[in-house]
Amino acid sequence: MDLDTPLFIFGLTTGVALTAAVQYFISAWTGAKTQHSKDTTPPRDSVHHPDASPITSPDALPAIRRQSWNVPSFVAAEGTLPRLEREFTVSSHRLQTMVRHLVNEMKKGLAQDGHTLKMIPSYVISRPTGFETGSFFALDLGGSNFRVCLVTLEGQGQTRVRQTKHIVSDELKTGTGEALFDFFAECIGKFLQELGLNPSEPRSLGFTFSFPIEQHAINSGTLMQWNKGFSATGVLKADVVELLNKALKKAHINIKVTALVNDTVGTLISHAYRDPQTYVGVIFGTGTNAAYVERIEEIPKWTGPIPPTKEMVINTEWGAYDEASVLPITSFDRDLDRASTNPRKQIFEKMISGMYLGEIVRHVLLDLISTGELFKGRSSQTLTTPYQFETAYMSRIERDHSLELSDTKAVLEDILGLQATTVQDRRIVKHVCELVGIRAARLSAAGVAAIVTKMNRLDACTVAVDGSVFQHYPHFANRMRDALRELLGIMAENIVLEQARDGSGEGAALIAALHGHE
Ligand code: ADP
Ligand code: MG
């Protein structure tokens, strides 16, 4: 894990101290009471929160969370913020319920198709030894970015990666499948050119395609459903390997796709190349998903041959988890879902992943503006535009420990076009970001706890984690660890969350290496 813990603790302590100082100053100046008033207003819609912890009894909350409730009391007393706190708080009890329910859902998905968790067999039946060698191409379509990689496996867990990165435009995401796959082929062609390689020489590649795929073989799979803002036509129910092979042929590139890989599976496998204790791969990027190593006898729906390893990597597609009686779904989540390209789908993903966290915050801020509690009731054109409050802004705001919250001011005024925000406005915005960010990390931890529990590997397990949210969102990893401790007690120490290094590209190359002969 490359998070600098002492620095983080210093930052947190300083931040808390400064926040407390600001609160003291504001309180003294306004003469406001420093205690939060109890709020008894029910949630504004019929959201059922049987165990949501009120702010006045934070026993079930992790330490970091308890330290961050320094919202000016003269604002909190008005009502909306305490309600938000109740709605976004996920108690230990609720997390525990969620773990139990998720384990059950995993079992259902392993037994039969058609359940919420698809639990897709990946056809990846072996994990690397760390001694594999050779050079392999990989493509990685994650959601926001598309990368073309040349991975050299050097043995002893060492790899070298050369890559180019491209943004997938909204036009491509929502246009025709043909245009999308032609774009991929074009990027590969350019990459070969850059490397000075002849496109007519035969090569193979691993294709990381991070959408729900029904896999038929290691090199064949049909798209079951688009998500993360994609809706390109002619791809649903089609074999994406065939589509890519066709586009490559059309572009006169002699490359064949030999492995179709989900990014979570790639993350798991690439991390296992250097750490054999890795049994889980998780993504917190544009979307969220997890894969893990399952014993074949635990997969009743598997009717294929029993692999010699007697294990198979399962792609859980956990982003689809949607149990309303367990997840703390708020009216803001519902609004976001209704307006999304895939309503009623990927509910868990919409509560924890990079594509949506900023959008949840945006919905909350608009609500606070509508009640006049924020920005004197004035919004901006950017803030009223969907998806314009990026999750990366939350990271900036949560990292802002300055007395005046000056970076938050820059985000709100310079980027979002809000006028003359006050320190009080900015502290409320920061608090909303914390609520949404903490909830995301805690729900993510419940997902990890469920997988480790299902595998019965509470004694030792490395979880490889990839994705910009885990990598860049301040405190995300530590908040997850806190929640894991609440859920698993002392056993949580055996679960190591590790930042995966470029998992998906390397993993696809490794899987192409492991399974290239098939
Ligand atoms: P992909 O999902 O395409 O593999 P990433 O793992 O980079 O790509 O995830 C992209 C997502 O991460 C985007 O939804 C973006 O909002 C979010 N993101 C990017 N930078 C940050 C950041 N600094 N903090 C939090 N989230 C971020
Ligand atoms: Mg990715």
# chains A, B, ... in the order shown; residues from 1 in each chain; ligands from 1
>>> residues_around(residues="stretch 484-487 of chain A", least_positions_apart="5", cutoff="12 Å", atoms="only C-alpha atoms", output="ChimeraX atom specification")
/A:59-63,90-100,441-453,458,477-479,492-497
>>> closest_atom_pairs(of="chain A", to="ligand 1", cutoff="8 Å", atoms="only C-alpha atoms and all ligand atoms", output="Markdown table")
| residue | atom | partner | partner_atom_place_in_ligand_line | distance |
| --- | --- | --- | --- | --- |
| A:Asp140 | CA | ligand 1 | 4 (O) | 7.9 |
| A:Leu141 | CA | ligand 1 | 3 (O) | 6.6 |
| A:Gly142 | CA | ligand 1 | 3 (O) | 3.6 |
| A:Gly143 | CA | ligand 1 | 3 (O) | 3.8 |
| A:Ser144 | CA | ligand 1 | 3 (O) | 3.7 |
| A:Asn145 | CA | ligand 1 | 3 (O) | 4.4 |
| A:Phe146 | CA | ligand 1 | 3 (O) | 7.0 |
| A:Asp263 | CA | ligand 1 | 4 (O) | 7.9 |
| A:Ile283 | CA | ligand 1 | 6 (O) | 7.3 |
| A:Phe284 | CA | ligand 1 | 6 (O) | 6.5 |
| A:Gly285 | CA | ligand 1 | 9 (O) | 3.4 |
| A:Thr286 | CA | ligand 1 | 14 (O) | 3.6 |
| A:Gly287 | CA | ligand 1 | 2 (O) | 5.8 |
| A:Ser353 | CA | ligand 1 | 14 (O) | 6.8 |
| A:Gly354 | CA | ligand 1 | 14 (O) | 3.6 |
| A:Met355 | CA | ligand 1 | 14 (O) | 3.6 |
| A:Tyr356 | CA | ligand 1 | 14 (O) | 7.1 |
| A:Leu357 | CA | ligand 1 | 16 (O) | 7.8 |
| A:Gly358 | CA | ligand 1 | 16 (O) | 7.4 |
| A:Glu390 | CA | ligand 1 | 16 (O) | 5.5 |
| A:Thr391 | CA | ligand 1 | 16 (O) | 4.5 |
| A:Ala392 | CA | ligand 1 | 22 (C) | 3.6 |
| A:Tyr393 | CA | ligand 1 | 24 (N) | 7.0 |
| A:Met394 | CA | ligand 1 | 25 (C) | 6.7 |
| A:Ser395 | CA | ligand 1 | 24 (N) | 4.7 |
| A:Arg396 | CA | ligand 1 | 23 (N) | 7.2 |
| A:Asp466 | CA | ligand 1 | 6 (O) | 6.6 |
| A:Gly467 | CA | ligand 1 | 6 (O) | 3.2 |
| A:Ser468 | CA | ligand 1 | 6 (O) | 4.0 |
| A:Val469 | CA | ligand 1 | 26 (N) | 4.1 |
| A:Phe470 | CA | ligand 1 | 25 (C) | 7.5 |
| A:Gln471 | CA | ligand 1 | 24 (N) | 7.5 |
| A:His472 | CA | ligand 1 | 24 (N) | 4.6 |
| A:Tyr473 | CA | ligand 1 | 24 (N) | 4.3 |
| A:Pro474 | CA | ligand 1 | 24 (N) | 7.6 |
>>> closest_residue(among="A:Tyr387, A:Phe209, A:Phe348, A:Phe184", to="ligand 2", atoms="only C-alpha atoms and all ligand atoms")
A:Phe209
>>> residues_around(residues="A:Asp367", least_positions_apart="4", cutoff="12 Å", atoms="only C-alpha atoms", output="list of chain:residue names")
A:Arg44, A:Thr80, A:Leu81, A:Leu84, A:Ser331, A:Phe332, A:Asp335, A:Ile360, A:Val361, A:Arg362, A:His363, A:Thr371, A:Gly372, A:Glu373, A:Leu374, A:Phe375, A:Gly377, A:Arg378, A:Ser379, A:Leu383, A:Thr384, A:Val429, A:Val432
